[in-house]
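To be precise, the following lines are coords.cif, and they hold mmCIF, C-alpha atoms.
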```
data_input
#
loop_
_atom_site.group_PDB
_atom_site.id
_atom_site.type_symbol
_atom_site.label_atom_id
_atom_site.label_comp_id
_atom_site.auth_asym_id
_atom_site.auth_seq_id
_atom_site.Cartn_x
_atom_site.Cartn_y
_atom_site.Cartn_z
ATOM 1 C CA MET A 450 108.558 97.981 150.768
ATOM 2 C CA PRO A 451 108.044 100.661 148.068
ATOM 3 C CA HIS A 452 104.558 101.296 146.781
ATOM 4 C CA LEU A 453 103.532 99.738 143.468
ATOM 5 C CA PRO A 454 103.163 102.127 140.519
ATOM 6 C CA ASP A 455 99.652 103.497 140.041
ATOM 7 C CA PHE A 456 98.991 101.520 136.867
ATOM 8 C CA GLU A 457 95.323 102.495 136.729
ATOM 9 C CA ALA A 458 96.135 106.204 136.869
ATOM 10 C CA TRP A 459 98.814 105.846 134.169
ATOM 11 C CA ALA A 460 96.361 104.026 131.905
ATOM 12 C CA ILE A 461 93.703 106.691 132.490
ATOM 13 C CA PHE A 462 96.238 109.446 131.782
ATOM 14 C CA ALA A 463 97.172 107.713 128.496
ATOM 15 C CA LYS A 464 93.531 107.532 127.450
ATOM 16 C CA VAL A 465 92.942 111.210 128.312
ATOM 17 C CA ALA A 466 95.985 112.220 126.243
ATOM 18 C CA GLU A 467 94.897 109.965 123.390
ATOM 19 C CA ARG A 468 91.340 111.329 123.264
ATOM 20 C CA GLY A 469 92.248 114.926 124.086
ATOM 21 C CA SER A 470 89.643 115.429 126.788
ATOM 22 C CA PHE A 471 88.538 114.092 130.159
ATOM 23 C CA SER A 472 84.948 113.673 128.965
ATOM 24 C CA ALA A 473 85.833 111.603 125.902
ATOM 25 C CA ALA A 474 88.217 109.422 127.926
ATOM 26 C CA ALA A 475 85.614 108.914 130.660
ATOM 27 C CA GLU A 476 82.978 107.905 128.103
ATOM 28 C CA GLU A 477 85.289 105.394 126.414
ATOM 29 C CA LEU A 478 86.454 103.925 129.719
ATOM 30 C CA GLY A 479 82.954 103.776 131.167
ATOM 31 C CA LEU A 480 83.939 105.927 134.151
ATOM 32 C CA ALA A 481 82.641 109.127 135.654
ATOM 33 C CA LYS A 482 84.449 112.249 134.508
ATOM 34 C CA THR A 483 85.308 113.051 138.143
ATOM 35 C CA THR A 484 86.925 109.630 138.548
ATOM 36 C CA VAL A 485 89.096 110.247 135.496
ATOM 37 C CA SER A 486 90.061 113.735 136.648
ATOM 38 C CA LYS A 487 90.906 112.524 140.154
ATOM 39 C CA ALA A 488 93.092 109.721 138.775
ATOM 40 C CA VAL A 489 95.188 112.179 136.749
ATOM 41 C CA THR A 490 95.402 114.574 139.698
ATOM 42 C CA ARG A 491 96.460 111.680 141.948
ATOM 43 C CA LEU A 492 99.176 110.778 139.490
ATOM 44 C CA GLU A 493 100.423 114.367 139.250
ATOM 45 C CA GLU A 494 100.597 114.644 143.030
ATOM 46 C CA ARG A 495 102.519 111.412 143.213
ATOM 47 C CA MET A 496 104.950 112.538 140.488
ATOM 48 C CA ARG A 497 105.140 116.054 141.921
ATOM 49 C CA THR A 498 104.715 117.563 138.485
ATOM 50 C CA THR A 499 101.969 118.648 136.108
ATOM 51 C CA LEU A 500 101.254 116.270 133.226
ATOM 52 C CA LEU A 501 98.403 118.147 131.533
ATOM 53 C CA HIS A 502 97.671 121.827 130.975
ATOM 54 C CA ARG A 503 93.932 122.332 131.551
ATOM 55 C CA THR A 504 91.893 125.258 130.270
ATOM 56 C CA THR A 505 88.168 125.606 129.687
ATOM 57 C CA ARG A 506 88.706 125.155 125.941
ATOM 58 C CA GLN A 507 91.545 122.717 125.493
ATOM 59 C CA LEU A 508 93.835 120.160 127.023
ATOM 60 C CA SER A 509 97.545 119.873 126.226
ATOM 61 C CA LEU A 510 100.508 117.879 127.447
ATOM 62 C CA THR A 511 103.256 119.455 129.504
ATOM 63 C CA GLU A 512 106.867 118.547 128.841
ATOM 64 C CA SER A 513 106.654 115.922 131.594
ATOM 65 C CA GLY A 514 103.442 114.625 130.080
ATOM 66 C CA ARG A 515 105.001 114.239 126.634
ATOM 67 C CA ALA A 516 108.016 112.487 128.102
ATOM 68 C CA SER A 517 105.884 109.931 129.945
ATOM 69 C CA LEU A 518 103.123 109.387 127.366
ATOM 70 C CA ASP A 519 104.947 106.678 125.417
ATOM 71 C CA ARG A 520 105.279 104.422 128.430
ATOM 72 C CA ALA A 521 101.816 105.248 129.725
ATOM 73 C CA LEU A 522 100.356 104.150 126.387
ATOM 74 C CA ARG A 523 102.383 100.970 126.636
ATOM 75 C CA ILE A 524 100.816 100.263 130.045
ATOM 76 C CA LEU A 525 97.350 100.848 128.597
ATOM 77 C CA ASN A 526 97.968 98.778 125.449
ATOM 78 C CA ASP A 527 99.619 95.916 127.314
ATOM 79 C CA GLY A 528 96.804 95.837 129.861
ATOM 80 C CA GLU A 529 94.186 95.696 127.104
ATOM 81 C CA ALA A 530 96.121 92.982 125.298
ATOM 82 C CA VAL A 531 96.568 90.812 128.381
ATOM 83 C CA GLU A 532 92.866 90.991 129.171
ATOM 84 C CA ALA A 533 92.033 90.293 125.527
ATOM 85 C CA GLU A 534 94.087 87.110 125.650
ATOM 86 C CA ILE A 535 92.311 85.888 128.779
ATOM 87 C CA LEU A 536 88.773 86.992 128.050
ATOM 88 C CA GLU A 537 86.423 86.142 125.207
ATOM 89 C CA GLU A 538 88.086 88.669 122.905
ATOM 90 C CA ALA A 539 90.956 86.220 122.491
ATOM 91 C CA ALA A 540 88.550 83.828 120.801
ATOM 92 C CA ILE A 541 86.437 86.469 119.057
ATOM 93 C CA PRO A 542 88.592 89.478 118.095
ATOM 94 C CA ARG A 543 86.659 92.703 118.462
ATOM 95 C CA GLY A 544 87.132 96.430 118.804
ATOM 96 C CA LEU A 545 88.417 99.300 116.718
ATOM 97 C CA ILE A 546 91.591 99.186 114.607
ATOM 98 C CA ARG A 547 92.900 102.586 113.502
ATOM 99 C CA LEU A 548 95.206 101.792 110.600
ATOM 100 C CA ALA A 549 97.215 104.090 108.325
ATOM 101 C CA CYS A 550 98.824 103.306 104.998
ATOM 102 C CA THR A 551 100.502 105.176 102.136
ATOM 103 C CA GLY A 552 98.398 106.120 99.135
ATOM 104 C CA ALA A 553 99.552 103.905 96.279
ATOM 105 C CA PHE A 554 100.018 100.767 98.376
ATOM 106 C CA GLY A 555 96.793 101.362 100.261
ATOM 107 C CA VAL A 556 94.657 101.781 97.151
ATOM 108 C CA ARG A 557 96.221 99.085 94.970
ATOM 109 C CA THR A 558 97.235 96.382 97.452
ATOM 110 C CA LEU A 559 95.568 96.822 100.848
ATOM 111 C CA ALA A 560 92.069 98.062 99.996
ATOM 112 C CA PRO A 561 91.067 94.963 97.967
ATOM 113 C CA LEU A 562 91.721 92.789 101.051
ATOM 114 C CA ILE A 563 89.566 94.817 103.453
ATOM 115 C CA PRO A 564 86.130 93.352 102.576
ATOM 116 C CA GLU A 565 87.271 89.767 103.235
ATOM 117 C CA PHE A 566 88.909 90.788 106.521
ATOM 118 C CA LEU A 567 85.760 92.524 107.787
ATOM 119 C CA LYS A 568 83.563 89.587 106.762
ATOM 120 C CA ARG A 569 85.877 87.163 108.546
ATOM 121 C CA TYR A 570 85.932 89.293 111.731
ATOM 122 C CA PRO A 571 82.535 91.047 111.913
ATOM 123 C CA GLU A 572 83.102 92.339 115.459
ATOM 124 C CA ILE A 573 86.169 94.335 114.426
ATOM 125 C CA GLU A 574 85.673 97.982 113.454
ATOM 126 C CA LEU A 575 88.139 99.558 111.041
ATOM 127 C CA ASP A 576 89.243 103.159 110.606
ATOM 128 C CA LEU A 577 91.585 103.119 107.593
ATOM 129 C CA GLN A 578 93.451 106.310 106.729
ATOM 130 C CA ILE A 579 95.195 106.260 103.344
ATOM 131 C CA THR A 580 97.631 109.146 103.315
ATOM 132 C CA ASP A 581 101.098 110.123 102.163
ATOM 133 C CA THR A 582 101.620 112.521 105.058
ATOM 134 C CA LYS A 583 104.029 111.450 107.783
ATOM 135 C CA ILE A 584 102.289 109.513 110.544
ATOM 136 C CA ASP A 585 103.234 109.698 114.220
ATOM 137 C CA LEU A 586 101.867 106.388 115.466
ATOM 138 C CA ILE A 587 101.520 107.462 119.100
ATOM 139 C CA ALA A 588 100.640 111.141 118.758
ATOM 140 C CA ASP A 589 98.102 110.501 115.981
ATOM 141 C CA GLY A 590 96.455 107.680 117.919
ATOM 142 C CA PHE A 591 96.902 104.849 115.421
ATOM 143 C CA ASP A 592 96.990 101.158 116.323
ATOM 144 C CA GLY A 593 99.136 100.353 113.319
ATOM 145 C CA VAL A 594 100.807 101.801 110.234
ATOM 146 C CA ILE A 595 101.755 99.846 107.117
ATOM 147 C CA LYS A 596 105.100 101.232 105.986
ATOM 148 C CA VAL A 597 106.750 100.578 102.637
ATOM 149 C CA GLY A 598 110.545 100.854 102.578
ATOM 150 C CA GLN A 599 113.409 100.590 105.023
ATOM 151 C CA LEU A 600 112.496 101.538 108.582
ATOM 152 C CA ALA A 601 114.349 104.068 110.680
ATOM 153 C CA ASP A 602 115.532 102.976 114.112
ATOM 154 C CA SER A 603 112.564 103.187 116.435
ATOM 155 C CA SER A 604 111.105 101.869 119.654
ATOM 156 C CA MET A 605 108.005 100.848 117.704
ATOM 157 C CA ARG A 606 107.286 97.171 117.079
ATOM 158 C CA ALA A 607 107.632 96.199 113.409
ATOM 159 C CA SER A 608 106.550 92.930 111.766
ATOM 160 C CA ARG A 609 107.611 92.303 108.176
ATOM 161 C CA LEU A 610 104.723 91.400 105.889
ATOM 162 C CA PHE A 611 106.745 90.720 102.740
ATOM 163 C CA SER A 612 109.323 92.248 100.394
ATOM 164 C CA HIS A 613 109.019 93.089 96.702
ATOM 165 C CA ARG A 614 111.523 93.600 93.914
ATOM 166 C CA LEU A 615 112.399 96.841 92.151
ATOM 167 C CA PRO A 616 112.957 95.889 88.509
ATOM 168 C CA VAL A 617 114.047 98.369 85.830
ATOM 169 C CA VAL A 618 111.066 98.532 83.488
ATOM 170 C CA GLY A 619 109.774 100.375 80.453
ATOM 171 C CA ALA A 620 107.552 99.838 77.439
ATOM 172 C CA PRO A 621 108.926 97.470 74.746
ATOM 173 C CA ALA A 622 108.550 100.292 72.206
ATOM 174 C CA LEU A 623 110.908 102.499 74.249
ATOM 175 C CA PHE A 624 113.593 99.798 74.284
ATOM 176 C CA ASP A 625 113.079 99.293 70.540
ATOM 177 C CA ARG A 626 113.973 102.975 70.083
ATOM 178 C CA TYR A 627 116.889 103.246 72.509
ATOM 179 C CA GLY A 628 118.112 99.662 72.668
ATOM 180 C CA ARG A 629 118.012 97.264 75.596
ATOM 181 C CA PRO A 630 120.628 98.140 78.210
ATOM 182 C CA GLU A 631 123.311 95.532 78.881
ATOM 183 C CA GLN A 632 125.094 97.424 81.669
ATOM 184 C CA PRO A 633 123.567 99.678 84.346
ATOM 185 C CA GLU A 634 125.244 102.767 82.820
ATOM 186 C CA ASP A 635 123.359 102.198 79.550
ATOM 187 C CA ILE A 636 120.158 103.497 81.142
ATOM 188 C CA LEU A 637 121.614 107.020 81.136
ATOM 189 C CA LYS A 638 120.937 107.171 77.385
ATOM 190 C CA MET A 639 117.190 106.922 78.041
ATOM 191 C CA PRO A 640 114.523 109.175 79.579
ATOM 192 C CA ILE A 641 114.223 108.299 83.267
ATOM 193 C CA MET A 642 111.490 108.811 85.828
ATOM 194 C CA VAL A 643 112.330 109.122 89.545
ATOM 195 C CA TYR A 644 110.172 109.157 92.668
ATOM 196 C CA THR A 645 110.432 112.272 94.770
ATOM 197 C CA HIS A 646 109.072 110.594 97.928
ATOM 198 C CA VAL A 647 111.918 108.055 98.002
ATOM 199 C CA ARG A 648 115.128 108.838 99.860
ATOM 200 C CA GLU A 649 118.196 108.942 97.592
ATOM 201 C CA ALA A 650 115.874 108.516 94.613
ATOM 202 C CA GLN A 651 118.615 109.470 92.142
ATOM 203 C CA GLU A 652 121.009 106.797 93.411
ATOM 204 C CA TRP A 653 120.329 103.499 91.655
ATOM 205 C CA ARG A 654 122.533 100.923 93.342
ATOM 206 C CA PHE A 655 122.796 97.681 91.363
ATOM 207 C CA PHE A 656 124.244 94.333 92.488
ATOM 208 C CA HIS A 657 125.564 91.514 90.296
ATOM 209 C CA PRO A 658 126.694 88.047 91.448
ATOM 210 C CA VAL A 659 129.947 88.359 89.473
ATOM 211 C CA HIS A 660 130.553 92.065 88.849
ATOM 212 C CA GLY A 661 129.565 93.252 92.311
ATOM 213 C CA GLU A 662 128.048 96.655 93.086
ATOM 214 C CA ARG A 663 127.479 99.464 90.595
ATOM 215 C CA LEU A 664 126.087 102.893 91.523
ATOM 216 C CA VAL A 665 124.399 104.910 88.780
ATOM 217 C CA MET A 666 123.398 108.514 89.440
ATOM 218 C CA VAL A 667 120.313 109.359 87.384
ATOM 219 C CA GLN A 668 118.702 112.676 86.509
ATOM 220 C CA GLY A 669 114.967 112.182 86.117
ATOM 221 C CA SER A 670 113.295 114.155 83.352
ATOM 222 C CA ILE A 671 109.982 113.061 84.923
ATOM 223 C CA ARG A 672 109.401 113.145 88.682
ATOM 224 C CA MET A 673 106.448 111.720 90.617
ATOM 225 C CA ASN A 674 105.552 110.874 94.188
ATOM 226 C CA ASN A 675 103.135 108.015 93.549
ATOM 227 C CA GLY A 676 103.905 104.593 92.097
ATOM 228 C CA LEU A 677 100.457 104.047 90.606
ATOM 229 C CA ALA A 678 100.454 107.418 88.861
ATOM 230 C CA ALA A 679 103.659 106.382 87.083
ATOM 231 C CA VAL A 680 102.173 103.366 85.299
ATOM 232 C CA PRO A 681 100.434 105.250 82.427
ATOM 233 C CA VAL A 682 103.683 107.121 81.701
ATOM 234 C CA LEU A 683 105.571 103.837 81.539
ATOM 235 C CA LEU A 684 102.967 102.217 79.289
ATOM 236 C CA GLU A 685 103.206 105.121 76.850
ATOM 237 C CA GLY A 686 106.944 104.553 76.491
ATOM 238 C CA LEU A 687 107.886 107.976 77.858
ATOM 239 C CA ALA A 688 110.441 106.808 80.439
ATOM 240 C CA ILE A 689 111.979 103.917 82.305
ATOM 241 C CA THR A 690 112.075 103.632 86.079
ATOM 242 C CA LEU A 691 112.629 101.403 89.086
ATOM 243 C CA GLN A 692 109.068 100.273 89.660
ATOM 244 C CA PRO A 693 107.788 98.184 92.585
ATOM 245 C CA GLU A 694 106.812 94.846 91.086
ATOM 246 C CA VAL A 695 103.602 94.831 93.095
ATOM 247 C CA TYR A 696 102.207 97.685 90.956
ATOM 248 C CA ILE A 697 103.065 96.279 87.516
ATOM 249 C CA TRP A 698 102.890 92.493 87.831
ATOM 250 C CA ASN A 699 100.011 92.181 85.358
ATOM 251 C CA GLU A 700 101.593 94.574 82.856
ATOM 252 C CA LEU A 701 104.809 92.530 82.927
ATOM 253 C CA GLN A 702 102.958 89.245 82.449
ATOM 254 C CA GLU A 703 100.968 90.676 79.544
ATOM 255 C CA GLY A 704 104.090 92.070 77.867
ATOM 256 C CA ARG A 705 102.912 95.686 78.003
ATOM 257 C CA LEU A 706 105.970 96.460 80.140
ATOM 258 C CA GLU A 707 109.380 94.823 79.931
ATOM 259 C CA GLU A 708 112.049 94.242 82.546
ATOM 260 C CA VAL A 709 115.675 94.818 81.582
ATOM 261 C CA LEU A 710 119.012 94.269 83.355
ATOM 262 C CA LYS A 711 117.557 91.128 84.954
ATOM 263 C CA GLU A 712 120.970 89.953 86.170
ATOM 264 C CA TRP A 713 121.460 93.234 88.024
ATOM 265 C CA THR A 714 119.305 93.483 91.139
ATOM 266 C CA LEU A 715 118.484 96.148 93.702
ATOM 267 C CA VAL A 716 117.818 95.693 97.402
ATOM 268 C CA PRO A 717 114.221 94.438 97.754
ATOM 269 C CA VAL A 718 111.739 96.826 99.372
ATOM 270 C CA PRO A 719 110.279 95.584 102.688
ATOM 271 C CA VAL A 720 106.718 96.204 103.830
ATOM 272 C CA HIS A 721 106.040 96.210 107.583
ATOM 273 C CA LEU A 722 103.116 96.486 109.945
ATOM 274 C CA VAL A 723 104.318 98.878 112.651
ATOM 275 C CA THR A 724 102.514 98.979 115.991
ATOM 276 C CA PRO A 725 103.149 100.683 119.372
ATOM 277 C CA PRO A 726 105.953 99.291 121.538
ATOM 278 C CA GLY A 727 105.300 96.463 123.936
ATOM 279 C CA ARG A 728 105.164 92.704 123.803
ATOM 280 C CA ALA A 729 101.455 92.016 123.802
ATOM 281 C CA ARG A 730 99.210 92.991 120.895
ATOM 282 C CA PRO A 731 95.420 92.999 121.151
ATOM 283 C CA ALA A 732 93.744 90.060 119.415
ATOM 284 C CA ARG A 733 92.357 92.338 116.707
ATOM 285 C CA LEU A 734 95.879 93.365 115.690
ATOM 286 C CA ARG A 735 97.208 89.820 115.829
ATOM 287 C CA VAL A 736 94.533 88.537 113.475
ATOM 288 C CA LEU A 737 95.118 91.487 111.135
ATOM 289 C CA LEU A 738 98.812 90.598 110.930
ATOM 290 C CA GLU A 739 98.034 86.921 110.326
ATOM 291 C CA PHE A 740 95.402 87.794 107.721
ATOM 292 C CA LEU A 741 97.727 90.078 105.772
ATOM 293 C CA ARG A 742 100.564 87.554 105.764
ATOM 294 C CA GLU A 743 98.174 84.813 104.686
ATOM 295 C CA ASN A 744 96.918 86.849 101.739
ATOM 296 C CA PHE A 745 100.271 88.247 100.666
ATOM 297 C CA SER A 746 101.765 84.737 100.722
ATOM 298 C CA LYS A 747 99.478 83.884 97.774
ATOM 299 C CA GLN A 748 100.871 86.690 95.608
ATOM 300 C CA PRO A 749 103.683 85.984 93.096
ATOM 301 C CA TRP A 750 105.267 89.401 93.714
ATOM 302 C CA ALA A 751 105.550 88.932 97.496
ATOM 303 C CA HIS A 752 108.773 87.444 98.828
ATOM 304 C CA GLY A 753 110.205 86.667 102.253
ATOM 305 C CA ILE A 754 106.874 86.017 103.992
ATOM 306 C CA GLU A 755 107.289 85.356 107.719
ATOM 307 C CA HIS A 756 104.998 83.013 109.623
#
```
Serialized structure, structure tokens:
Amino acid sequence: MPHLPDFEAWAIFAKVAERGSFSAAAEELGLAKTTVSKAVTRLEERMRTTLLHRTTRQLSLTESGRASLDRALRILNDGEAVEAEILEEAAIPRGLIRLACTGAFGVRTLAPLIPEFLKRYPEIELDLQITDTKIDLIADGFDGVIKVGQLADSSMRASRLFSHRLPVVGAPALFDRYGRPEQPEDILKMPIMVYTHVREAQEWRFFHPVHGERLVMVQGSIRMNNGLAAVPVLLEGLAITLQPEVYIWNELQEGRLEEVLKEWTLVPVPVHLVTPPGRARPARLRVLLEFLRENFSKQPWAHGIEH
């Protein structure tokens, strides 16, 4: 009968790679540094390859180490999650959540929910990184990333939080000057703002229940990479744009911005919570997902909530 995999050694290796040192991993795991070092050495001997380059100053993954890290992290995460479900943590979620989110969405939509979440789950610690730089969930050591937009194919686990519309909006005064467009092509007569952080930002693809699909190629005289930064420009009547409804709901209700081409729609923008691969999620991540869905379900701009 073949020997079972050395699950403990794989989990220890994952923690060493995640923390970047034997000492930090040993401290977090509550083990002696020698125990941690011996576990990795035992694993390397069993695999007949080197997983970590060790020097007196730094630790780095070998090619074999990088290739196996994904699955080693899955072993570690699944083991933690299984124990969390069985032990008290299942009833009282606790521990650290390292969460990343893009700038505009994080500041406008996520941050206001954080105080209630932390009050509801006082034994959960939160490390929230709001950034527009590209996040590598595994390499950067995050438990979850909130991603706005269509997801690329990935082995990561993604749970949809909601979707929001992309209406064509501008200030009423701008439409008084240029006229209100009746067909998608009419927008080309107006100043247009585009988002540089959006793929195919100059391709506005409209859909109509009768007239079908219409693609309009726009040339933005104003370009930005942040949805919140665009709002003052819109309010001043300097341009029109495709603006996520989540950022301008109040302005639309108050009449300070106006939606046009209402019969022509664009594909709604999904928002997902993306976590490492594997079936089981720790209790702290499960309650975060449930909390976010619960709160977004109360918002008029959130559609397609899953429960």
Practice task
Please identify all polymer residues lying at most 12 Å from the point (93.1, 109.3, 124.6) (file coordinates), using only C-alpha atoms, and present the result as an NGL selection string.
Solution key: :A and (459-478 or 485 or 508-510 or 518 or 521-522 or 525-526 or 587-591)
Problem - Distance criterion (only C-alpha atoms): nearest to Asn744 of chain A out of A:Glu565, A:Val489, A:Thr505, A:Pro542 - result: A:Glu565
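Among the candidates A:Pro719, A:Leu492, A:Lys482, A:Pro621, the one nearest to Pro454 of chain A when counting only C-alpha atoms is A:Leu492.
Checking A:Leu586, A:Ile579, A:Leu637, A:Leu562 one by one against Leu741 of chain A, counting only C-alpha atoms, you find the shortest gap at A:Leu562.
Look at Arg733 of chain A: the protein and nucleic acid residues within 7 Å of it, using only C-alpha atoms and passing over chain neighbours fewer than 3 places away, are A:Pro542, A:Arg543, A:Gly544, A:Ile573, A:Val736, A:Leu737.
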Using only C-alpha atoms, determine which residues lie at most 7 Å from Val709 of chain A, disregarding the query and same-chain residues fewer than 2 positions distant; provide the list as a PDB file with C-alpha atoms, in the coordinates of the input.
```
ATOM      1  CA  VAL A 617     114.047  98.369  85.830  1.00  0.00           C
ATOM      2  CA  VAL A 618     111.066  98.532  83.488  1.00  0.00           C
ATOM      3  CA  ARG A 629     118.012  97.264  75.596  1.00  0.00           C
ATOM      4  CA  PRO A 630     120.628  98.140  78.210  1.00  0.00           C
ATOM      5  CA  GLU A 707     109.380  94.823  79.931  1.00  0.00           C
ATOM      6  CA  LYS A 711     117.557  91.128  84.954  1.00  0.00           C
TER       7      LYS A 711
END
```
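Straight-line separation from atom CA of Val667 of chain A to atom CA of Lys638 of chain A: 10.3 Å.
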Handout entry: Contacts of Ile636 of chain A within 12 Å, all atoms listed in the file, excl. fewer than 2 positions in-chain, as a VMD selection string
Key = chain A and resid 617 to 619 623 to 624 627 to 634 638 to 642 653 664 to 669 688 to 691 709 to 710
Which centre and which edge lengths, in Å to one decimal, describe the axis-aligned box that holds all listed atoms of segment 593-612 of chain A after 8 Å is added on each side, as lines of an AutoDock Vina configuration file?
```
center_x = 107.3
center_y = 97.4
center_z = 110.0
size_x = 32.4
size_y = 29.3
size_z = 35.3
```
Fill in the blank from the handout: Among A:Leu610, A:Val597, A:Leu738, A:Ala549, Thr582 of chain A is approached most closely, using only C-alpha atoms, by A:Ala549
Exercise for the section: Excluding Gly593 of chain A and residues on its chain fewer than 2 positions from it, collect all residues at most 12 Å away from it, counting only C-alpha atoms, and give them as a VMD selection string. Expected result: chain A and resid 545 to 550 575 to 578 584 to 587 589 to 591 595 to 596 605 to 608 721 to 726 730 to 731 733 to 735 737 to 738
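For the set A:Gly686, A:His752, A:Phe740, A:Leu480, the residue with the smallest atom-to-atom gap to Ile563 of chain A is A:Phe740, counting only C-alpha atoms.
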